[in-house]
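*Asks:* Quick one: this structure, given as structure tokens, is what I'll be asking you about.
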Protein chains: 2
Amino acid sequence: MNMRRTTIKDVAGAAGVGVATVSRVLSGGSASPETRERVLTVAAQLDYRPSALGRNLRQRRSGGIGLLLPDITDTFYGRVADGVLACARSAGEPVIVGTTGDDPEREAELIGMLLEQGVDRVIAIPSGDGDGWAPTLRAGVITVFAHRLSAGRDDIPAVVADDRAGVGTAVDYLTGLGHRRIAYLGGPGQQQRLSAFRQALGPLVDEDLIVVARGSRDSAYAAAAGLFQHRPDLTAVLAGGNLLGEAAVLAARELDLRIPRDLSLIMFDDVPWAELCSPPLTVIAQPARDIGYRAAELVLRGGTRRPRGVLLPTELIVRGSCAARGTSRSPR
Amino acid sequence: MNMRRTTIKDVAGAAGVGVATVSRVLSGGSASPETRERVLTVAAQLDYRPSALGRNLRQRRSGGIGLLLPDITDTFYGRVADGVLACARSAGEPVIVGTTGDDPEREAELIGMLLEQGVDRVIAIPSGDGDGWAPTLRAGVITVFAHRLSAGRDDIPAVVADDRAGVGTAVDYLTGLGHRRIAYLGGPGQQQRLSAFRQALGPLVDEDLIVVARGSRDSAYAAAAGLFQHRPDLTAVLAGGNLLGEAAVLAARELDLRIPRDLSLIMFDDVPWAELCSPPLTVIAQPARDIGYRAAELVLRGGTRRPRGVLLPTELIVRGSCAARGTSRSPR
DNA sequence: CCCGATATTGGATACGTTTTCATGCATCTC
DNA sequence: GAGATGCATGAAAACGTATCCAATATCGGG
């Protein structure tokens, strides 16, 4: 029952060599062909697995990569995580995952946990304004942001979708359809998109039509419903995330606003159900999985280069949730 | 730049005590009030964080918990993961996540990785027939299955939803509506549900109406489309997962089958988009998050008791995707 | 044939922690 | 007051590995 696990010493003994030799053979160091073969044979026979514990302690790094995201339940973040896991797996690296709930405090807590674990590489979708990340930098942890860039942190490379362009094409599309009162329904950490939205809309921008919810479903729904109730004159909404999009659809339905007749909707991120919705949702697709994968690549390559981050393209996928707004207002 | 991290030895030196005392103070051992306070003060001043590396090596266990699931992209598994993470976080334990893609080989590979990491607790949604789990048991790793139980493994406790009951009520509901030709659209690892389906249907069962897809979206769609094409006489479908349900909706739409007029659909698992779909989908809700949470509880409590697993209730949520099937067949 | 260079090898050390054990000291009991 | 008991404490060992370093074996050139 309580069998001691086979160590490198056992292998060394059984193969009649020193532990140093075994270690070298297994780490790809130099050794004579015959010793190498003998060691490998014995190791296989004993079903020896080098203990990451010993190795990590010796080289003072856990070798794992930490992944911090707001909510693993959200398909989008799930896809980012999937990309990270795929890349990490091909590199043989374990991934420690934590969810921040978009709470900087919780994020800091998790950062502490990762540091304690000796993780030396972290990928994060950052929550706060980025000053919670001083500890990782100080500890020499290679850090890469994904999906969002953090306000005050230009010293951390980030892999993000081209939000600016995405918002731009979406707004152009809507204005091209004749919309003038366009609302933005945002979530946490979307400064980029917000500024892009304001810029794209130019003189048309109406600050009252910009609403920012917290991360939760309830908050998103409340924000959407409040927006629709207070401003029945708006004709189009840009939802900055699939949770917000979902909330918009539900709130619209609740208030008897028909999409797209009464309200045009564009949602950030192409999720599977966008096509199932009625009407199918026009979306700004983001390469979620690629974001994760590229971030993992970056973090695995090491912080030597300074690629200053990666910008991935977005794509407007037109389905059925936007309608033209003629000069004649539908009286409703 | 290359600062050595502060160790317990530094704290001991600065506080004028031995390392053993520091360790005791920090692990809640006995110490005189004054020394305790001094050590804590110094530790705080130096911003000392005990290294999990050293501790893990010493007690020969990483203290982390491993989580293996088929696909982190799937909302359902995401919710299970969320439950696990929540419980693990409250216990301060890191979680190493891996995705198996429902591939036993890949699963075995990941198990190896977890063992190498010295993980001593694993939660898994198992992929294969369960003989890939011999290594963890042999290594004394506390293992708990979630969501599925593995064929040959009755020595591993499992936390699962009451599939049998869920299938039963769904089938009863459909037969109550007059349906006779009911299909089952299944995925990997659903022996439980399949047998429950056969049993609930009794003499009505038609083996040709039972289709099992692999885990992917494509495979699910192919299975659904194939089923609908080959058997236009079926009137109801039970989809054993949200991926399958999605595929069923898409395939039905493609083949111009109207839900629920031409085809009634019940889907396993209540996902957010079930309500957004048109018509809203009738589902069998499973407590996904609870499954994860309870599994984590089980695995954290340790393998001492033998609770033989946990069975969580399911609930049929009736929405709009099922219609009564009168005695008169709609001629179509 | 000898010497220097090179390749291979194993002993020893260090990584940071927990835990055992022995020691010293104060208090308690009879 | 002497022995017993308890507590706080620190030295040291161990966990499993990678790597430094010295020692040995092998080889080539002169």
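Ligands are numbered from 1 in the order shown, residues from 1 within each chain, and chains are lettered A, B, ... in the order they appear in the structure tokens.
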Could you list, as a list in words, every residue within 9 Å of A:Ala248, counting only C-alpha atoms (C1' of nucleotides) and ignoring same-chain residues fewer than 4 positions away?

*Replies:* Leu185, Ala220, Tyr221, Ala223, Ala224, Ala225, Phe228, Val237, Ala239, Leu243, Leu244, Ala252, Arg253 and Leu265 of chain A

*Asks:* Report as a tab-separated table the residues of chain B within 6 Å of chain A, each with its shortest atom pair and distance in Å (one decimal), using only C-alpha atoms, ordered by chain and increasing residue number.

*Replies:*
residue	atom	partner	partner_atom	distance
B:Ser51	CA	A:Glu116	CA	5.3
B:Ala52	CA	A:Gln117	CA	5.0
B:Leu53	CA	A:Leu57	CA	5.4
B:Leu57	CA	A:Leu53	CA	5.3
B:Ile72	CA	A:Gly78	CA	5.7
B:Thr73	CA	A:Gly78	CA	4.8
B:Thr75	CA	A:Thr73	CA	6.0
B:Gly78	CA	A:Thr73	CA	4.8
B:Arg79	CA	A:Thr73	CA	5.3
B:Val95	CA	A:Ile96	CA	5.4
B:Ile96	CA	A:Ile96	CA	4.4
B:Glu116	CA	A:Ser51	CA	5.3
B:Gln117	CA	A:Ala52	CA	5.0
B:Leu276	CA	A:Cys277	CA	5.7
B:Cys277	CA	A:Cys277	CA	4.8
B:Ser278	CA	A:Ser278	CA	5.8

*Asks:* Can you pull out every residue within 10 Å of A:Arg294, counting only C-alpha atoms (C1' of nucleotides), but drop anything in the same chain fewer than 2 positions away, and send it as number ranges by chain?

*Replies:* A: 80, 83-84, 87, 144, 146, 158-160, 289-292, 296-300, 309-310, 312

*Asks:* Contacts of B:Arg198 at 10 Å or less, counting only C-alpha atoms (C1' of nucleotides), minus same-chain residues fewer than 2 places along, as a list in words?

*Replies:*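 Neighbouring residues, sequence-local ones excluded: Val167, Gly168, Val171, Tyr184, Arg193, Leu194, Ser195, Ala196, Ala200, Leu201, Gly202, Pro203, Leu204, Val205, Asp206, Glu207 and Ile210 of chain B.
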
*Asks:* Quick one: residues within 12 Å of C:DG24, only C-alpha atoms (C1' of nucleotides), excluding same-chain residues fewer than 2 positions away - as an MDAnalysis selection string?

*Replies:* (chainID C and resid 22 26) or (chainID D and resid 7:10)

*Asks:* Any chance you could export the current selection's N, CA and C atoms (P, O5', C5', C4', C3', O3' and C1' of nucleotides) as a CSV table (one decimal), in the first residue's frame?

*Replies:*
chain,number,residue,atom,x,y,z
C,22,DA,P,16.8,11.3,20.9
C,22,DA,O5',17.8,12.4,21.5
C,22,DA,C5',18.8,13.0,20.7
C,22,DA,C4',19.1,14.4,21.2
C,22,DA,C3',19.3,14.4,22.7
C,22,DA,O3',20.4,15.2,23.0
C,22,DA,C1',17.6,16.0,22.1
C,26,DA,P,14.7,29.1,33.9
C,26,DA,O5',13.2,28.8,34.2
C,26,DA,C5',12.2,29.1,33.2
C,26,DA,C4',10.9,28.4,33.4
C,26,DA,C3',10.4,28.5,34.9
C,26,DA,O3',9.1,28.8,34.9
C,26,DA,C1',10.6,26.2,34.3
D,7,DC,P,2.6,20.8,27.5
D,7,DC,O5',3.6,21.9,27.2
D,7,DC,C5',3.8,23.0,28.2
D,7,DC,C4',5.0,23.8,27.7
D,7,DC,C3',5.0,24.1,26.2
D,7,DC,O3',5.2,25.5,26.1
D,7,DC,C1',7.1,23.3,27.0
D,8,DA,P,4.8,26.2,24.6
D,8,DA,O5',6.3,26.7,24.2
D,8,DA,C5',6.9,27.6,25.1
D,8,DA,C4',8.4,27.6,24.8
D,8,DA,C3',8.7,28.0,23.3
D,8,DA,O3',9.6,29.0,23.3
D,8,DA,C1',9.9,26.0,23.9
D,9,DT,P,10.0,29.6,21.9
D,9,DT,O5',11.2,28.8,21.4
D,9,DT,C5',12.4,28.8,22.2
D,9,DT,C4',13.4,27.8,21.7
D,9,DT,C3',13.8,27.9,20.2
D,9,DT,O3',15.0,28.6,20.1
D,9,DT,C1',13.6,25.6,21.1
D,10,DG,P,15.4,29.2,18.7
D,10,DG,O5',16.5,28.1,18.2
D,10,DG,C5',17.6,27.8,19.0
D,10,DG,C4',18.3,26.5,18.6
D,10,DG,C3',18.7,26.5,17.1
D,10,DG,O3',20.0,25.9,17.0
D,10,DG,C1',17.3,24.7,17.6

*Asks:* Using DSSP on the backbone, list every residue of stretch 88-201 of chain A that comes out as alpha helix (DSSP H), and give them as a ChimeraX atom specification.

*Replies:* /A:88-90,104-116,134-138,163-176,191-201

*Asks:* Kindly export the residues of the current selection with N, CA and C atoms, as a compact mmCIF listing (two decimals), in the first residue's frame.

*Replies:*
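Final file, part13.txt:
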# COMPACT_ATOMS: atom_id res chain seq x y z
N ALA A 88 0.43 24.41 -24.23
CA ALA A 88 1.16 23.91 -23.07
C ALA A 88 1.35 22.40 -23.15
N ARG A 89 0.34 21.74 -23.65
CA ARG A 89 0.44 20.28 -23.74
C ARG A 89 1.53 19.89 -24.72
N SER A 90 1.60 20.59 -25.83
CA SER A 90 2.62 20.23 -26.80
C SER A 90 4.01 20.53 -26.25
N PRO A 104 -10.06 42.30 -8.71
CA PRO A 104 -8.62 42.51 -8.52
C PRO A 104 -8.09 41.90 -7.25
N GLU A 105 -8.90 41.94 -6.22
CA GLU A 105 -8.45 41.39 -4.95
C GLU A 105 -8.25 39.88 -5.06
N ARG A 106 -9.24 39.26 -5.64
CA ARG A 106 -9.13 37.82 -5.83
C ARG A 106 -7.97 37.49 -6.76
N GLU A 107 -7.79 38.35 -7.72
CA GLU A 107 -6.67 38.16 -8.65
C GLU A 107 -5.35 38.20 -7.90
N ALA A 108 -5.21 39.19 -7.04
CA ALA A 108 -3.98 39.31 -6.27
C ALA A 108 -3.75 38.07 -5.43
N GLU A 109 -4.82 37.59 -4.85
CA GLU A 109 -4.74 36.38 -4.05
C GLU A 109 -4.20 35.21 -4.88
N LEU A 110 -4.74 35.09 -6.09
CA LEU A 110 -4.32 34.00 -6.96
C LEU A 110 -2.88 34.18 -7.41
N ILE A 111 -2.49 35.41 -7.65
CA ILE A 111 -1.10 35.66 -8.02
C ILE A 111 -0.19 35.18 -6.89
N GLY A 112 -0.60 35.49 -5.68
CA GLY A 112 0.18 35.02 -4.55
C GLY A 112 0.29 33.51 -4.53
N MET A 113 -0.82 32.86 -4.80
CA MET A 113 -0.81 31.41 -4.82
C MET A 113 0.15 30.89 -5.89
N LEU A 114 0.10 31.50 -7.05
CA LEU A 114 0.98 31.06 -8.14
C LEU A 114 2.45 31.25 -7.76
N LEU A 115 2.73 32.38 -7.16
CA LEU A 115 4.12 32.64 -6.75
C LEU A 115 4.56 31.59 -5.74
N GLU A 116 3.68 31.32 -4.81
CA GLU A 116 4.00 30.33 -3.80
C GLU A 116 4.29 28.98 -4.45
N ALA A 134 2.77 43.80 -9.96
CA ALA A 134 4.14 44.09 -9.57
C ALA A 134 4.84 42.85 -9.00
N PRO A 135 4.17 42.08 -8.14
CA PRO A 135 4.86 40.93 -7.54
C PRO A 135 5.41 39.94 -8.56
N THR A 136 4.66 39.63 -9.58
CA THR A 136 5.17 38.64 -10.54
C THR A 136 6.41 39.19 -11.24
N LEU A 137 6.34 40.44 -11.63
CA LEU A 137 7.50 41.01 -12.30
C LEU A 137 8.71 41.00 -11.37
N ARG A 138 8.46 41.43 -10.15
CA ARG A 138 9.56 41.46 -9.18
C ARG A 138 10.16 40.07 -9.00
N ASP A 163 -9.54 45.08 -31.19
CA ASP A 163 -10.81 45.62 -30.76
C ASP A 163 -11.16 46.89 -31.51
N ARG A 164 -10.16 47.72 -31.68
CA ARG A 164 -10.40 49.01 -32.31
C ARG A 164 -11.01 48.81 -33.71
N ALA A 165 -10.36 47.95 -34.47
CA ALA A 165 -10.87 47.70 -35.81
C ALA A 165 -12.25 47.04 -35.75
N GLY A 166 -12.41 46.09 -34.81
CA GLY A 166 -13.67 45.40 -34.70
C GLY A 166 -14.80 46.37 -34.40
N VAL A 167 -14.59 47.21 -33.42
CA VAL A 167 -15.61 48.19 -33.08
C VAL A 167 -15.86 49.11 -34.28
N GLY A 168 -14.75 49.49 -34.93
CA GLY A 168 -14.89 50.39 -36.07
C GLY A 168 -15.78 49.82 -37.16
N THR A 169 -15.52 48.61 -37.58
CA THR A 169 -16.32 48.04 -38.65
C THR A 169 -17.77 47.86 -38.20
N ALA A 170 -17.94 47.48 -36.93
CA ALA A 170 -19.30 47.29 -36.44
C ALA A 170 -20.07 48.61 -36.47
N VAL A 171 -19.43 49.66 -35.98
CA VAL A 171 -20.10 50.96 -35.95
C VAL A 171 -20.37 51.46 -37.37
N ASP A 172 -19.38 51.28 -38.24
CA ASP A 172 -19.57 51.67 -39.63
C ASP A 172 -20.77 50.93 -40.23
N TYR A 173 -20.81 49.66 -39.95
CA TYR A 173 -21.90 48.84 -40.48
C TYR A 173 -23.25 49.38 -40.00
N LEU A 174 -23.32 49.69 -38.72
CA LEU A 174 -24.58 50.17 -38.16
C LEU A 174 -24.94 51.55 -38.70
N THR A 175 -23.97 52.43 -38.71
CA THR A 175 -24.28 53.77 -39.25
C THR A 175 -24.64 53.66 -40.73
N GLY A 176 -23.97 52.76 -41.42
CA GLY A 176 -24.30 52.55 -42.82
C GLY A 176 -25.73 52.09 -43.00
N GLN A 191 -11.68 49.18 -21.79
CA GLN A 191 -11.31 50.57 -22.11
C GLN A 191 -11.01 50.72 -23.59
N GLN A 192 -10.29 49.77 -24.12
CA GLN A 192 -9.95 49.81 -25.54
C GLN A 192 -11.20 49.97 -26.40
N ARG A 193 -12.12 49.08 -26.17
CA ARG A 193 -13.33 49.10 -27.00
C ARG A 193 -14.13 50.37 -26.80
N LEU A 194 -14.17 50.80 -25.56
CA LEU A 194 -14.93 52.00 -25.28
C LEU A 194 -14.35 53.19 -26.03
N SER A 195 -13.04 53.34 -25.94
CA SER A 195 -12.45 54.49 -26.61
C SER A 195 -12.62 54.35 -28.11
N ALA A 196 -12.50 53.13 -28.60
CA ALA A 196 -12.71 52.92 -30.04
C ALA A 196 -14.14 53.26 -30.43
N PHE A 197 -15.05 52.92 -29.55
CA PHE A 197 -16.46 53.19 -29.83
C PHE A 197 -16.71 54.69 -29.92
N ARG A 198 -16.17 55.39 -28.94
CA ARG A 198 -16.35 56.84 -28.95
C ARG A 198 -15.74 57.45 -30.20
N GLN A 199 -14.56 56.98 -30.51
CA GLN A 199 -13.86 57.54 -31.66
C GLN A 199 -14.61 57.25 -32.96
N ALA A 200 -15.10 56.01 -33.08
CA ALA A 200 -15.76 55.63 -34.33
C ALA A 200 -17.08 56.39 -34.50
N LEU A 201 -17.73 56.63 -33.38
CA LEU A 201 -19.03 57.27 -33.46
C LEU A 201 -18.89 58.78 -33.67

*Asks:* Any idea what the distance is between atom CA of B:Pro313 and atom CA of B:Gln286?

*Replies:*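 For atom CA of B:Pro313 relative to atom CA of B:Gln286, the distance reads 7.2 Å.
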
*Asks:* Give me, as a short mmCIF file (atom, residue, chain, number, x, y, z; two decimals) with C-alpha atoms (C1' of nucleotides), in the first residue's frame, the residues of chain C touching chain A, with the criterion being at most 10 Å (counting only C-alpha atoms (C1' of nucleotides)).

*Replies:*
data_model
loop_
_atom_site.label_atom_id
_atom_site.label_comp_id
_atom_site.auth_asym_id
_atom_site.auth_seq_id
_atom_site.Cartn_x
_atom_site.Cartn_y
_atom_site.Cartn_z
"C1'" DA C 7 34.97 11.96 -23.09
"C1'" DT C 8 32.71 9.64 -19.50
"C1'" DT C 9 31.67 8.94 -14.87
"C1'" DG C 10 30.32 9.22 -9.85
"C1'" DG C 11 30.68 11.67 -5.37
"C1'" DA C 14 22.51 22.54 -2.78
"C1'" DC C 15 17.63 23.70 -3.59
"C1'" DG C 16 13.72 25.23 0.85
"C1'" DT C 17 11.02 23.08 3.56
#

*Asks:* Using only C-alpha atoms (C1' of nucleotides) and a cut-off of 10 Å, which residues of chain D sit close to chain A? Please list them as a list in words.

*Replies:* DC15, DG16, DT17, DA18 and DT19 of chain D

*Asks:* Between atom CA of B:Ile284 and atom CA of B:Gly226, measure the distance and give it in Å to one decimal.

*Replies:* 23.8 Å

*Asks:* Got a sec: who's within 7 Å of B:Pro70, counting only C-alpha atoms (C1' of nucleotides), leaving out chain neighbours fewer than 4 positions off, as a ChimeraX atom specification?

*Replies:* /B:99-102,125

*Asks:* For the residues in the current selection, export N, CA and C atoms as a compact mmCIF listing (two decimals), in the first residue's frame.

*Replies:*
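And here's part_10.txt as it stands now:
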# COMPACT_ATOMS: atom_id res chain seq x y z
N THR B 99 -7.04 18.79 -20.69
CA THR B 99 -8.19 18.37 -21.49
C THR B 99 -7.84 17.11 -22.26
N THR B 100 -8.73 16.15 -22.18
CA THR B 100 -8.46 14.84 -22.77
C THR B 100 -9.03 14.70 -24.18
N GLY B 101 -9.97 15.54 -24.53
CA GLY B 101 -10.60 15.37 -25.83
C GLY B 101 -11.30 14.02 -25.96
N ASP B 102 -11.65 13.45 -24.80
CA ASP B 102 -12.31 12.14 -24.80
C ASP B 102 -11.46 11.05 -25.44
N ILE B 125 -13.31 13.59 -15.48
CA ILE B 125 -14.43 13.09 -16.25
C ILE B 125 -13.81 12.07 -17.19

*Asks:* Just list the residues in stretch 260-312 of chain B DSSP gives strand (DSSP E or B) on the backbone, as a short mmCIF file (atom, residue, chain, number, x, y, z; two decimals) with C-alpha atoms, in the first residue's frame.

*Replies:*
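Below is the file out-v1.cif, written as the result:
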data_model
loop_
_atom_site.label_atom_id
_atom_site.label_comp_id
_atom_site.auth_asym_id
_atom_site.auth_seq_id
_atom_site.Cartn_x
_atom_site.Cartn_y
_atom_site.Cartn_z
CA SER B 264 -39.77 17.25 -30.43
CA LEU B 265 -36.41 17.74 -28.75
CA ILE B 266 -35.19 17.33 -25.23
CA MET B 267 -31.63 18.14 -24.45
CA PHE B 268 -29.45 17.09 -21.58
CA CYS B 277 -33.07 29.28 -28.95
CA THR B 282 -36.92 21.76 -23.06
CA VAL B 283 -34.01 20.39 -21.12
CA ILE B 284 -32.93 18.04 -18.40
CA ALA B 285 -31.02 20.28 -16.06
CA VAL B 310 -22.76 10.90 -4.81
CA LEU B 311 -25.91 11.04 -6.86
CA LEU B 312 -27.27 14.48 -7.66
#

*Asks:* Which residues come within 12 Å of D:DG29, counting only C-alpha atoms (C1' of nucleotides), excluding same-chain residues fewer than 5 positions away, as a ChimeraX atom specification?

*Replies:* /C:1-5

*Asks:* Take the residues just selected and output them with N, CA and C atoms (P, O5', C5', C4', C3', O3' and C1' of nucleotides) as a CSV table (one decimal), in the first residue's frame.

*Replies:*
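For reference, out_38.csv as written:
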chain,number,residue,atom,x,y,z
C,1,DC,P,56.7,0.6,-26.1
C,1,DC,O5',56.9,2.2,-25.9
C,1,DC,C5',58.2,2.6,-25.6
C,1,DC,C4',58.0,4.1,-25.1
C,1,DC,C3',57.0,4.3,-24.1
C,1,DC,O3',57.4,5.2,-23.1
C,1,DC,C1',56.4,5.5,-25.9
C,2,DC,P,56.8,5.3,-21.7
C,2,DC,O5',56.6,6.9,-21.6
C,2,DC,C5',57.5,7.8,-22.1
C,2,DC,C4',56.9,9.1,-22.4
C,2,DC,C3',55.9,9.6,-21.4
C,2,DC,O3',56.1,11.0,-21.1
C,2,DC,C1',54.8,9.5,-23.5
C,3,DC,P,55.5,11.6,-19.8
C,3,DC,O5',54.7,12.9,-20.3
C,3,DC,C5',55.2,13.6,-21.5
C,3,DC,C4',54.1,14.3,-22.2
C,3,DC,C3',53.0,14.9,-21.2
C,3,DC,O3',52.7,16.2,-21.6
C,3,DC,C1',52.0,13.5,-22.8
C,4,DG,P,52.0,17.2,-20.5
C,4,DG,O5',50.8,17.7,-21.4
C,4,DG,C5',51.0,18.3,-22.6
C,4,DG,C4',49.7,18.1,-23.5
C,4,DG,C3',48.5,18.7,-22.9
C,4,DG,O3',47.8,19.4,-23.9
C,4,DG,C1',48.1,16.4,-23.3
C,5,DA,P,46.6,20.4,-23.5
C,5,DA,O5',45.4,19.7,-24.2
C,5,DA,C5',45.5,19.3,-25.6
C,5,DA,C4',44.4,18.4,-25.9
C,5,DA,C3',43.0,18.9,-25.4
C,5,DA,O3',42.1,18.8,-26.4
C,5,DA,C1',43.4,16.6,-24.7

*Asks:* Atom CA of B:Ala213 to atom CA of B:Pro188: how many Å, to one decimal?

*Replies:*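 Between atom CA of B:Ala213 and atom CA of B:Pro188 the gap works out to 6.9 Å.
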
*Asks:* Looking at D:DC21, D:DG30, D:DA4, D:DA12, which one is nearest to C:DT13, with distances taken over only C-alpha atoms (C1' of nucleotides)?

*Replies:*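 Of D:DC21, D:DG30, D:DA4, D:DA12, the one nearest C:DT13, counting only C-alpha atoms (C1' of nucleotides), is D:DC21.
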